[in-house]
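J.: Take this structure first; my questions come after.
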There are 4 protein chains.
Amino acid sequence: MTNGLDALRPLIGQTTANSPSPLGRWLNGTLQEVGENGIKIAYVVRAEMTNPVGILHGGMVATLLDDIMGMTIMVKYSADLSGYFFSTVNLHVDYLASAREGATVIASSNITKAGNKIMNAEGWLHDSGGKLLAHSTSNLLKVEIRA
Amino acid sequence: MTNGLDALRPLIGQTTANSPSPLGRWLNGTLQEVGENGIKIAYVVRAEMTNPVGILHGGMVATLLDDIMGMTIMVKYSADLSGYFFSTVNLHVDYLASAREGATVIASSNITKAGNKIMNAEGWLHDSGGKLLAHSTSNLLKVEIRA
Amino acid sequence: MTNGLDALRPLIGQTTANSPSPLGRWLNGTLQEVGENGIKIAYVVRAEMTNPVGILHGGMVATLLDDIMGMTIMVKYSADLSGYFFSTVNLHVDYLASAREGATVIASSNITKAGNKIMNAEGWLHDSGGKLLAHSTSNLLKVEIRA
Amino acid sequence: MTNGLDALRPLIGQTTANSPSPLGRWLNGTLQEVGENGIKIAYVVRAEMTNPVGILHGGMVATLLDDIMGMTIMVKYSADLSGYFFSTVNLHVDYLASAREGATVIASSNITKAGNKIMNAEGWLHDSGGKLLAHSTSNLLKVEIRA
């Protein structure tokens with residue numbers, strides 16, 4: 001079975017400026033690593049991602065984590081599962097520390113279980129010093145696309 | 001005790017274009033209702049909020065819900081609790097249906113419990129036809145600001 | 001379409017002593033109400049349900065909520081969906097207040113969305129004075145039983 | 001600083017039959033490992049822990065995970081934090097696979113972050129063959145006991 005994540009390897013070091021995802025382009029991350037079961041993307045915290053006290057907004061943290069978990073599953077299984085897409089069932093985020101405007105934050109992902117119907121993934125957000133800022137889990141439903 | 005949410009009433013019908021929150025300005029919602037324990041804000045789904053298939057990104061859904069829950073707690077208790085701020089502990093989102101680019105979506109909030117230390121809130125996202133798109137809960141920690 | 005919950009109406013006032021669920025029998029609740037989309041069950045907090053400080057254990061709170069949400073979905077849709085069962089994807093519980101040994105607690109449920117594949121439900125636990133002790137959400141996957 | 005978990009080492013191999021927790025006694029696990037930041041406990045799935053189809057009830061899964069995460073935090077910090085207890089704020093469980101009556105299941109824990117006020121932990125439930133059955137996260141609030 002092909003690991004669809006391999007298709008991302010040539011893109012390491014590039015930004016998401018050409019992502020098919022409009023929100024992905026706005027987030028403008030840089031792909032850092034591609035593994036067997038997860039990826040790593042770095043983002044710079046821009047002003048428009050912050051809350052009134054200049055800190056990366058909790059919703060943006062959720063966005064970076066939701067995006068990387070969904071992307072990892074979508075890309076890993078797209079080659080072998082044409083005719084399917086994945087719909088997010090739920091997202092849980094625990095907030096552990098904060099990041100300020102201008103900081104670089106690194107999102108990473110791992111697929112915990114690839115079931116027949118439900119895919120379970122985890123995501124982490126670290127700062128550039130390696131401190132864990134947030135942790136997430138999500139379930140996605142594999143949905144058949146009817147012709 | 002003053003209900004800080006009363007301070008929002010004069011802003012009904014206005015956009016968040018002047019919000020102290022940079023992300024709030026970017027989201028550009030319109031305040032629709034203010035209640036005793038929650039508020040309602042309408043947003044238009046812009047292209048940059050969508051995923052590759054033109055649907056409101058799950059991370060953006062989480063953002064709208066996280067933002068309205070946090071704002072509700074912050075505003076309601078700010079008058080009586082100067083010297084405190086609220087830090088999000090966790091966020092849970094269940095995704096129930098989707099919204100397309102151009103659609104209007106309405107976020108609403110309710111404070112479930114205001115404890116001594118932990119505030120628990122719920123959020124809902126509906127489309128303009130009243131269909132429930134997502135439901136969220138969140139816990140926030142009341143943090144004392146040391147002089 | 002038949003509402004399978006109607007089959008529970010004759011059991012109002014009875015305990016779960018004859019439940020097909022071994023854990024349900026151990027929990028030994030009393031069915032109080034049956035609605036269109038949810039039910040209500042009362043339980044007495046026994047010593048073996050408590051933690052070291054004599055309070056209803058958080059795991060037991062999760063159990064009462066998981067059980068009532070799953071039962072509600074299972075019973076409501078069993079009549080029309082023979083050939084299916086429901087598998088819990090995830091459970092989220094927010095803890096708001098506590099109950100002591102000997103107290104009566106009342107679990108209630110509501111099905112938020114019955115999708116083609118995913119069922120989303122909410123649960124609440126109150127004490128006998130009407131105070132909200134805990135709130136939960138859960139997603140269940142409809143699984144076809146192959147002959 | 002003392003690591004309170006060290007106090008558990010002499011109990012490895014023993015059951016929770018003498019636990020100060022009534023529910024802990026009923027669960028009747030066997031302590032298997034004690035680490036710097038987590039522990040491991042084995043349980044046998046008894047009939048009264050199962051659902052109508054003879055599978056470990058989802059509520060019991062939540063109970064095993066909630067119990068081990070709470071116990072880990074409580075024991076680790078009890079020595080240095082007399083005058084404090086820990087109150088569970090929320091619990092999230094993802095269900096990945098099931099276990100039958102008679103099976104041995106192993107719960108394990110790790111403290112992700114020990115903050116000033118909020119402790120964040122993870123829990124896992126595996127079967128005896130090493131398959132991951134469930135994954136959980138929880139936040140606990142450190143509460144000062146007033147004299």
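Chain lettering (A, B, ...) mirrors the order of the structure tokens, residue numbering begins at 1 for each chain separately, and ligand numbering begins at 1 in order of display.
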Mind checking which residues fall within 6 Å of Asn90 of chain C, counting only C-alpha atoms, ignoring those fewer than 3 positions away in the same chain, and posting them as a PyMOL selection string?
T.: (chain C and resi 138-139) or (chain D and resi 93-95)
J.: If you keep N, CA and C atoms, can you produce a file of those selected residues as a PDB file, in the first residue's frame?
T.:
ATOM      1  N   SER C 138     -21.331  12.894  23.291  1.00  0.00           N
ATOM      2  CA  SER C 138     -20.751  11.663  22.769  1.00  0.00           C
ATOM      3  C   SER C 138     -21.167  11.481  21.323  1.00  0.00           C
ATOM      4  N   ASN C 139     -20.271  10.875  20.533  1.00  0.00           N
ATOM      5  CA  ASN C 139     -20.593  10.487  19.164  1.00  0.00           C
ATOM      6  C   ASN C 139     -20.593   8.969  19.080  1.00  0.00           C
TER       7      ASN C 139
ATOM      8  N   VAL D  93     -12.458  10.871  26.274  1.00  0.00           N
ATOM      9  CA  VAL D  93     -12.051   9.493  25.928  1.00  0.00           C
ATOM     10  C   VAL D  93     -12.331   9.230  24.459  1.00  0.00           C
ATOM     11  N   ASP D  94     -11.344   8.690  23.755  1.00  0.00           N
ATOM     12  CA  ASP D  94     -11.539   8.173  22.395  1.00  0.00           C
ATOM     13  C   ASP D  94     -11.505   6.648  22.466  1.00  0.00           C
ATOM     14  N   TYR D  95     -12.523   6.017  21.900  1.00  0.00           N
ATOM     15  CA  TYR D  95     -12.646   4.552  21.926  1.00  0.00           C
ATOM     16  C   TYR D  95     -12.132   3.969  20.610  1.00  0.00           C
TER      17      TYR D  95
END
J.: Counting only C-alpha atoms, collect the residues of chain D whose closest atom lies at most 7 Å from chain C, and write them out as a VMD selection string.
T.: chain D and resid 20 to 23 26 47 to 52 58 to 60 62 to 63 66 to 67 88 to 95
J.: Tell me, as a VMD selection string, which residues lie within 7 Å of segment 119-121 of chain B, counting only C-alpha atoms; anything in the same chain fewer than 5 positions away does not count.
T.: chain B and resid 69 110 to 114 137 to 141
J.: Those residues you just picked out, can you put them in a file as a PDB file, in the first residue's frame with N, CA and C atoms?
T.:
ATOM      1  N   MET B  69     -17.326  31.904  23.181  1.00  0.00           N
ATOM      2  CA  MET B  69     -17.402  31.435  24.568  1.00  0.00           C
ATOM      3  C   MET B  69     -16.474  32.253  25.458  1.00  0.00           C
ATOM      4  N   ASN B 110     -23.561  30.237  25.873  1.00  0.00           N
ATOM      5  CA  ASN B 110     -24.227  30.226  27.174  1.00  0.00           C
ATOM      6  C   ASN B 110     -23.215  29.810  28.239  1.00  0.00           C
ATOM      7  N   ILE B 111     -23.197  30.533  29.354  1.00  0.00           N
ATOM      8  CA  ILE B 111     -22.317  30.150  30.459  1.00  0.00           C
ATOM      9  C   ILE B 111     -23.065  29.127  31.307  1.00  0.00           C
ATOM     10  N   THR B 112     -22.520  27.903  31.347  1.00  0.00           N
ATOM     11  CA  THR B 112     -23.184  26.801  32.051  1.00  0.00           C
ATOM     12  C   THR B 112     -22.944  26.911  33.550  1.00  0.00           C
ATOM     13  N   LYS B 113     -21.702  27.227  33.917  1.00  0.00           N
ATOM     14  CA  LYS B 113     -21.391  27.376  35.338  1.00  0.00           C
ATOM     15  C   LYS B 113     -20.267  28.373  35.559  1.00  0.00           C
ATOM     16  N   ALA B 114     -20.477  29.274  36.496  1.00  0.00           N
ATOM     17  CA  ALA B 114     -19.446  30.232  36.875  1.00  0.00           C
ATOM     18  C   ALA B 114     -18.958  29.841  38.268  1.00  0.00           C
ATOM     19  N   THR B 137     -18.088  22.803  23.995  1.00  0.00           N
ATOM     20  CA  THR B 137     -17.991  23.155  25.408  1.00  0.00           C
ATOM     21  C   THR B 137     -16.549  23.548  25.692  1.00  0.00           C
ATOM     22  N   SER B 138     -16.356  24.360  26.728  1.00  0.00           N
ATOM     23  CA  SER B 138     -15.023  24.821  27.069  1.00  0.00           C
ATOM     24  C   SER B 138     -14.966  25.158  28.546  1.00  0.00           C
ATOM     25  N   ASN B 139     -13.802  24.916  29.131  1.00  0.00           N
ATOM     26  CA  ASN B 139     -13.556  25.338  30.502  1.00  0.00           C
ATOM     27  C   ASN B 139     -12.497  26.422  30.498  1.00  0.00           C
ATOM     28  N   LEU B 140     -12.734  27.473  31.284  1.00  0.00           N
ATOM     29  CA  LEU B 140     -11.748  28.543  31.409  1.00  0.00           C
ATOM     30  C   LEU B 140     -11.376  28.712  32.874  1.00  0.00           C
ATOM     31  N   LEU B 141     -10.118  28.999  33.100  1.00  0.00           N
ATOM     32  CA  LEU B 141      -9.600  29.191  34.461  1.00  0.00           C
ATOM     33  C   LEU B 141      -9.516  30.679  34.767  1.00  0.00           C
TER      34      LEU B 141
END
J.: Can you check which residues of segment 58-90 of chain D DSSP gives as strand (DSSP E) on the backbone and send them as a list of chain:residue names?
T.: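 Selection result, strand (DSSP E) within segment 58-90 of chain D: D:Tyr84, D:Phe85, D:Phe86, D:Ser87, D:Thr88, D:Val89, D:Asn90.
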J.: Fewer than 4 positions away in the same chain doesn't count, so skip those; otherwise give me all residues within 8 Å of Ala99 of chain A, counting only C-alpha atoms, as a list in words.
T.: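 The residues satisfying every condition are Val45, Ile55, Leu56, Ala103, Val105, Asp127 and Leu133 of chain A.
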J.: So which one's closest to Arg146 of chain A, A:Gln14, A:Glu122, A:Ile106, A:Tyr84? Using only C-alpha atoms, please.
T.: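 Nearest candidate to Arg146 of chain A out of A:Gln14, A:Glu122, A:Ile106, A:Tyr84: A:Tyr84.
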J.: Would you mind listing what lies within 9 Å of Ala107 of chain A as number ranges by chain, with only C-alpha atoms counted and same-chain residues fewer than 5 positions away left out?
T.: A: 39-43, 64-65, 68, 123-127
J.: Give me, please, the distance in Å between atom CA of Ala7 of chain C and atom CA of Val34 of chain C, quoted to one decimal.
T.: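 Atom CA of Val34 of chain C lies 9.4 Å from atom CA of Ala7 of chain C.
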J.: Return as an MDAnalysis selection string the full set of residues in chain C whose backbone-based DSSP assignment is alpha helix (DSSP H).
T.: chainID C and resid 22:27 58:78
